[in-house]
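S.K.: Handing you a structure now.
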Amino acid sequence: MQRTWPLISTAARLALAAVWLIAGGLKVGDLAASARAVHAYDLMSYDTAKIVGAVQPFLEIALGLLLLIGLATRLTAGISVALLVVFIAGIISAWTRGLQIDCGCFSSGGELAAGKNAAYWLDILRDIGFIVLAGILLWKPRTRFSVDGLLMGEQR
């Protein structure tokens, strides 16, 4: 099992990198839509949501790039967990207040069209799965083909 963990951690690192890169990449081209998605949660003023919506895609891309190259893997995994917990809290907040919105995780988000219902439980389960990936990296951050490994003198 000792030899298997670096492979499992590498797969978790690359999968989580893909999640962040895709999520951020889909939002970065339309920061106004990202701001509207954040504002749809009705947790902050529109001006604050504009700032959060503009910063979020770049944060997600930065996390994805750090994970992709394997630099500061444990720290990046910890930040990922914190961000995902915030996302889950936002989804739960929208759900409990009866809002019908698209979470905006992998789309432009916002209010759902009439007659459509949000599947918040799926969004939460998905984000819990992403937390599991990050948890693997918190527990076993040594991965193959990583800058961390090169800096530590490991040839993997």
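Chain labels follow the order of the structure tokens: the first chain is A, the next B, and so on; residue numbering restarts at 1 in every chain, and ligands are counted from 1 in their shown order.
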Would you mind listing what lies within 10 Å of Tyr41 of chain A as a list in words, with only C-alpha atoms counted and same-chain residues fewer than 2 positions away left out?

M.R.: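 Residues near the query, excluding close chain neighbours: Arg36, Ala37, Val38, His39, Leu43, Met44, Ala49, Gly90, Ile91, Ser93, Ala94, Trp95, Arg97, Leu99, Gln100, Ile101, Asp102, Cys103, Gly104, Gly109, Gly110 and Glu111 of chain A.
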
S.K.: Limited to N, CA, C and O atoms, could you put the picked residues into a file as an mmCIF file, in the first residue's frame?

M.R.:
```cif
data_model
loop_
_atom_site.group_PDB
_atom_site.id
_atom_site.type_symbol
_atom_site.label_atom_id
_atom_site.label_comp_id
_atom_site.auth_asym_id
_atom_site.auth_seq_id
_atom_site.Cartn_x
_atom_site.Cartn_y
_atom_site.Cartn_z
ATOM 1 N N ARG A 36 -23.263 37.925 -11.198
ATOM 2 C CA ARG A 36 -24.703 37.670 -11.066
ATOM 3 C C ARG A 36 -24.950 36.338 -10.363
ATOM 4 O O ARG A 36 -25.880 36.207 -9.558
ATOM 5 N N ALA A 37 -24.124 35.334 -10.654
ATOM 6 C CA ALA A 37 -24.275 34.029 -10.000
ATOM 7 C C ALA A 37 -24.034 34.154 -8.503
ATOM 8 O O ALA A 37 -24.776 33.577 -7.700
ATOM 9 N N VAL A 38 -23.012 34.909 -8.115
ATOM 10 C CA VAL A 38 -22.731 35.115 -6.692
ATOM 11 C C VAL A 38 -23.870 35.892 -6.051
ATOM 12 O O VAL A 38 -24.333 35.560 -4.954
ATOM 13 N N HIS A 39 -24.353 36.910 -6.735
ATOM 14 C CA HIS A 39 -25.431 37.745 -6.187
ATOM 15 C C HIS A 39 -26.744 36.974 -6.053
ATOM 16 O O HIS A 39 -27.564 37.276 -5.170
ATOM 17 N N LEU A 43 -26.690 36.830 -0.493
ATOM 18 C CA LEU A 43 -25.961 36.843 0.780
ATOM 19 C C LEU A 43 -25.129 38.109 0.965
ATOM 20 O O LEU A 43 -24.591 38.334 2.046
ATOM 21 N N MET A 44 -25.005 38.903 -0.101
ATOM 22 C CA MET A 44 -24.186 40.109 -0.040
ATOM 23 C C MET A 44 -24.729 41.131 -1.027
ATOM 24 O O MET A 44 -25.516 40.793 -1.906
ATOM 25 N N ALA A 49 -20.783 41.336 -4.415
ATOM 26 C CA ALA A 49 -20.885 40.168 -5.296
ATOM 27 C C ALA A 49 -20.086 40.373 -6.578
ATOM 28 O O ALA A 49 -19.516 39.422 -7.111
ATOM 29 N N GLY A 90 -23.146 28.052 1.138
ATOM 30 C CA GLY A 90 -23.968 28.908 0.284
ATOM 31 C C GLY A 90 -25.120 28.150 -0.337
ATOM 32 O O GLY A 90 -26.259 28.652 -0.398
ATOM 33 N N ILE A 91 -24.852 26.935 -0.791
ATOM 34 C CA ILE A 91 -25.903 26.105 -1.394
ATOM 35 C C ILE A 91 -26.977 25.766 -0.352
ATOM 36 O O ILE A 91 -28.174 25.865 -0.619
ATOM 37 N N SER A 93 -27.666 27.448 2.307
ATOM 38 C CA SER A 93 -28.374 28.691 2.608
ATOM 39 C C SER A 93 -29.451 28.973 1.563
ATOM 40 O O SER A 93 -30.591 29.313 1.900
ATOM 41 N N ALA A 94 -29.094 28.831 0.283
ATOM 42 C CA ALA A 94 -30.075 29.059 -0.792
ATOM 43 C C ALA A 94 -31.214 28.057 -0.688
ATOM 44 O O ALA A 94 -32.395 28.417 -0.840
ATOM 45 N N TRP A 95 -30.887 26.823 -0.407
ATOM 46 C CA TRP A 95 -31.875 25.744 -0.311
ATOM 47 C C TRP A 95 -32.851 26.016 0.835
ATOM 48 O O TRP A 95 -34.064 25.922 0.667
ATOM 49 N N ARG A 97 -33.611 28.755 2.233
ATOM 50 C CA ARG A 97 -34.408 29.966 2.035
ATOM 51 C C ARG A 97 -35.358 29.850 0.842
ATOM 52 O O ARG A 97 -36.050 30.796 0.496
ATOM 53 N N LEU A 99 -34.691 29.506 -2.350
ATOM 54 C CA LEU A 99 -34.264 30.088 -3.620
ATOM 55 C C LEU A 99 -34.161 28.996 -4.677
ATOM 56 O O LEU A 99 -33.789 27.869 -4.374
ATOM 57 N N GLN A 100 -34.497 29.319 -5.889
ATOM 58 C CA GLN A 100 -34.371 28.385 -7.006
ATOM 59 C C GLN A 100 -33.316 28.945 -7.955
ATOM 60 O O GLN A 100 -33.637 29.692 -8.887
ATOM 61 N N ILE A 101 -32.053 28.607 -7.679
ATOM 62 C CA ILE A 101 -30.941 29.125 -8.478
ATOM 63 C C ILE A 101 -30.045 27.988 -8.934
ATOM 64 O O ILE A 101 -30.023 26.915 -8.337
ATOM 65 N N ASP A 102 -29.332 28.256 -9.995
ATOM 66 C CA ASP A 102 -28.257 27.365 -10.435
ATOM 67 C C ASP A 102 -27.050 27.768 -9.604
ATOM 68 O O ASP A 102 -26.750 28.954 -9.487
ATOM 69 N N CYS A 103 -26.350 26.818 -9.034
ATOM 70 C CA CYS A 103 -25.250 27.155 -8.120
ATOM 71 C C CYS A 103 -24.155 27.974 -8.795
ATOM 72 O O CYS A 103 -23.420 28.683 -8.133
ATOM 73 N N GLY A 104 -24.016 27.887 -10.104
ATOM 74 C CA GLY A 104 -22.985 28.647 -10.790
ATOM 75 C C GLY A 104 -21.614 28.016 -10.703
ATOM 76 O O GLY A 104 -20.612 28.635 -11.017
ATOM 77 N N GLY A 109 -24.721 30.362 -13.737
ATOM 78 C CA GLY A 109 -25.519 30.464 -12.520
ATOM 79 C C GLY A 109 -26.723 31.365 -12.671
ATOM 80 O O GLY A 109 -27.194 31.626 -13.771
ATOM 81 N N GLY A 110 -27.234 31.831 -11.554
ATOM 82 C CA GLY A 110 -28.379 32.719 -11.553
ATOM 83 C C GLY A 110 -29.684 31.992 -11.263
ATOM 84 O O GLY A 110 -29.694 30.803 -10.940
ATOM 85 N N GLU A 111 -30.766 32.740 -11.382
ATOM 86 C CA GLU A 111 -32.084 32.170 -11.109
ATOM 87 C C GLU A 111 -32.459 31.162 -12.182
ATOM 88 O O GLU A 111 -32.146 31.338 -13.359
#
```

S.K.: So that I can check the surroundings of Glu60 of chain A, please list as an NGL selection string every protein, DNA and RNA residue that reaches within 12 Å of it, counting only C-alpha atoms and ignoring chain neighbours fewer than 2 positions away.

M.R.: :A and (16-28 or 52-58 or 62-67 or 76-77 or 79-80 or 83-84 or 105-106)

S.K.: Output N, CA and C atoms for every residue in that selection, as a tab-separated table (two decimals), in the first residue's frame.

M.R.:
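Listed below is the output, part.tsv:
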```
chain	number	residue	atom	x	y	z
A	16	LEU	N	-8.67	17.04	-8.95
A	16	LEU	CA	-9.06	18.30	-8.33
A	16	LEU	C	-8.55	19.49	-9.14
A	17	ALA	N	-7.37	19.36	-9.72
A	17	ALA	CA	-6.86	20.42	-10.60
A	17	ALA	C	-7.82	20.64	-11.76
A	18	ALA	N	-8.29	19.56	-12.35
A	18	ALA	CA	-9.22	19.66	-13.48
A	18	ALA	C	-10.51	20.36	-13.05
A	19	VAL	N	-11.00	20.01	-11.87
A	19	VAL	CA	-12.23	20.63	-11.34
A	19	VAL	C	-12.06	22.14	-11.27
A	20	TRP	N	-10.98	22.59	-10.64
A	20	TRP	CA	-10.76	24.03	-10.47
A	20	TRP	C	-10.51	24.73	-11.81
A	21	LEU	N	-9.74	24.10	-12.67
A	21	LEU	CA	-9.45	24.73	-13.96
A	21	LEU	C	-10.70	24.85	-14.82
A	22	ILE	N	-11.53	23.83	-14.82
A	22	ILE	CA	-12.77	23.87	-15.60
A	22	ILE	C	-13.73	24.90	-15.00
A	23	ALA	N	-13.92	24.85	-13.68
A	23	ALA	CA	-14.85	25.79	-13.03
A	23	ALA	C	-14.41	27.23	-13.25
A	24	GLY	N	-13.15	27.51	-13.03
A	24	GLY	CA	-12.66	28.88	-13.23
A	24	GLY	C	-12.64	29.29	-14.68
A	25	GLY	N	-12.26	28.36	-15.54
A	25	GLY	CA	-12.20	28.65	-16.97
A	25	GLY	C	-13.55	28.98	-17.57
A	26	LEU	N	-14.59	28.31	-17.08
A	26	LEU	CA	-15.93	28.58	-17.59
A	26	LEU	C	-16.46	29.95	-17.14
A	27	LYS	N	-15.92	30.47	-16.04
A	27	LYS	CA	-16.40	31.75	-15.51
A	27	LYS	C	-15.56	32.94	-15.95
A	28	VAL	N	-14.29	32.72	-16.21
A	28	VAL	CA	-13.38	33.84	-16.42
A	28	VAL	C	-13.71	34.66	-17.67
A	52	VAL	N	-16.46	39.62	-5.55
A	52	VAL	CA	-16.31	38.17	-5.34
A	52	VAL	C	-16.40	37.43	-6.67
A	53	GLY	N	-17.37	37.81	-7.49
A	53	GLY	CA	-17.56	37.16	-8.79
A	53	GLY	C	-16.39	37.38	-9.73
A	54	ALA	N	-15.70	38.51	-9.59
A	54	ALA	CA	-14.54	38.78	-10.43
A	54	ALA	C	-13.29	38.05	-9.94
A	55	VAL	N	-13.17	37.89	-8.64
A	55	VAL	CA	-11.98	37.24	-8.06
A	55	VAL	C	-12.08	35.72	-8.11
A	56	GLN	N	-13.27	35.20	-7.89
A	56	GLN	CA	-13.46	33.75	-7.76
A	56	GLN	C	-12.89	32.93	-8.93
A	57	PRO	N	-13.15	33.29	-10.19
A	57	PRO	CA	-12.60	32.46	-11.28
A	57	PRO	C	-11.07	32.43	-11.28
A	58	PHE	N	-10.46	33.55	-10.94
A	58	PHE	CA	-8.99	33.59	-10.92
A	58	PHE	C	-8.43	32.78	-9.75
A	62	ALA	N	-6.06	29.61	-10.22
A	62	ALA	CA	-4.78	29.54	-9.49
A	62	ALA	C	-4.67	28.23	-8.71
A	63	LEU	N	-5.74	27.83	-8.03
A	63	LEU	CA	-5.73	26.56	-7.30
A	63	LEU	C	-5.51	25.40	-8.27
A	64	GLY	N	-6.19	25.45	-9.41
A	64	GLY	CA	-6.03	24.40	-10.41
A	64	GLY	C	-4.61	24.31	-10.94
A	65	LEU	N	-4.00	25.44	-11.22
A	65	LEU	CA	-2.63	25.44	-11.74
A	65	LEU	C	-1.64	24.93	-10.69
A	66	LEU	N	-1.81	25.36	-9.43
A	66	LEU	CA	-0.94	24.88	-8.37
A	66	LEU	C	-1.05	23.37	-8.21
A	67	LEU	N	-2.26	22.86	-8.27
A	67	LEU	CA	-2.45	21.41	-8.16
A	67	LEU	C	-1.92	20.69	-9.40
A	76	THR	N	-2.62	23.98	-0.85
A	76	THR	CA	-3.65	24.18	-1.87
A	76	THR	C	-4.86	23.29	-1.59
A	77	ALA	N	-4.63	22.09	-1.12
A	77	ALA	CA	-5.74	21.20	-0.75
A	77	ALA	C	-6.52	21.79	0.42
A	79	ILE	N	-6.82	25.00	1.23
A	79	ILE	CA	-7.58	26.14	0.71
A	79	ILE	C	-8.79	25.62	-0.08
A	80	SER	N	-8.59	24.54	-0.82
A	80	SER	CA	-9.69	23.94	-1.59
A	80	SER	C	-10.81	23.49	-0.66
A	83	LEU	N	-12.70	26.54	0.64
A	83	LEU	CA	-13.55	27.13	-0.39
A	83	LEU	C	-14.77	26.25	-0.68
A	84	LEU	N	-14.56	24.96	-0.72
A	84	LEU	CA	-15.68	24.05	-0.96
A	84	LEU	C	-16.68	24.07	0.19
A	105	CYS	N	-21.56	26.78	-10.27
A	105	CYS	CA	-20.29	26.09	-10.09
A	105	CYS	C	-19.59	25.83	-11.43
A	106	PHE	N	-20.35	25.36	-12.38
A	106	PHE	CA	-19.80	25.05	-13.70
A	106	PHE	C	-20.64	25.69	-14.80
```

S.K.: Return the single residue from A:Gly29, A:Val85, A:Trp121, A:Leu68 that is closest to Ala11 of chain A, with distances computed using only C-alpha atoms.

M.R.: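 For Ala11 of chain A, the nearest of the given residues is A:Leu68.
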
S.K.: Using atom CA of Pro6 of chain A and atom CA of Met152 of chain A as the two end points, give the distance in Å to one decimal.

M.R.: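 We find that atom CA of Pro6 of chain A and atom CA of Met152 of chain A lie 14.5 Å from each other.
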
S.K.: Among segment 40-144 of chain A, which residues does DSSP mark as helix (DSSP H, G or I) when it is run on the backbone? Keep the chain and numbering as in the structure and answer as a ChimeraX atom specification.

M.R.: /A:46-69,73-96,120-139

S.K.: Pick out the residues sitting within 12 Å of Ile136 of chain A, and hand them over as number ranges by chain; count only C-alpha atoms, and ignore anything fewer than 2 positions along from it in its own chain.

M.R.: A: 5-16, 73-74, 77-78, 80-81, 129-134, 138-143

S.K.: Report the residues of segment 2-130 of chain A whose backbone DSSP state falls under strand (DSSP E or B), written as a PDB file with N, CA, C and O atoms, in the first residue's frame.

M.R.:
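And here's part.pdb as it stands now:
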```
ATOM      1  N   ILE A 101     -32.053  28.607  -7.679  1.00  0.00           N
ATOM      2  CA  ILE A 101     -30.941  29.125  -8.478  1.00  0.00           C
ATOM      3  C   ILE A 101     -30.045  27.988  -8.934  1.00  0.00           C
ATOM      4  O   ILE A 101     -30.023  26.915  -8.337  1.00  0.00           O
ATOM      5  N   ASP A 102     -29.332  28.256  -9.995  1.00  0.00           N
ATOM      6  CA  ASP A 102     -28.257  27.365 -10.435  1.00  0.00           C
ATOM      7  C   ASP A 102     -27.050  27.768  -9.604  1.00  0.00           C
ATOM      8  O   ASP A 102     -26.750  28.954  -9.487  1.00  0.00           O
ATOM      9  N   GLY A 110     -27.234  31.831 -11.554  1.00  0.00           N
ATOM     10  CA  GLY A 110     -28.379  32.719 -11.553  1.00  0.00           C
ATOM     11  C   GLY A 110     -29.684  31.992 -11.263  1.00  0.00           C
ATOM     12  O   GLY A 110     -29.694  30.803 -10.940  1.00  0.00           O
ATOM     13  N   GLU A 111     -30.766  32.740 -11.382  1.00  0.00           N
ATOM     14  CA  GLU A 111     -32.084  32.170 -11.109  1.00  0.00           C
ATOM     15  C   GLU A 111     -32.459  31.162 -12.182  1.00  0.00           C
ATOM     16  O   GLU A 111     -32.146  31.338 -13.359  1.00  0.00           O
TER      17      GLU A 111
END
```

S.K.: Calculated over only C-alpha atoms, which of the candidates A:Ala40, A:Ala35, A:Ala82, A:Leu150 has the smallest distance to Gly135 of chain A?

M.R.: A:Ala82
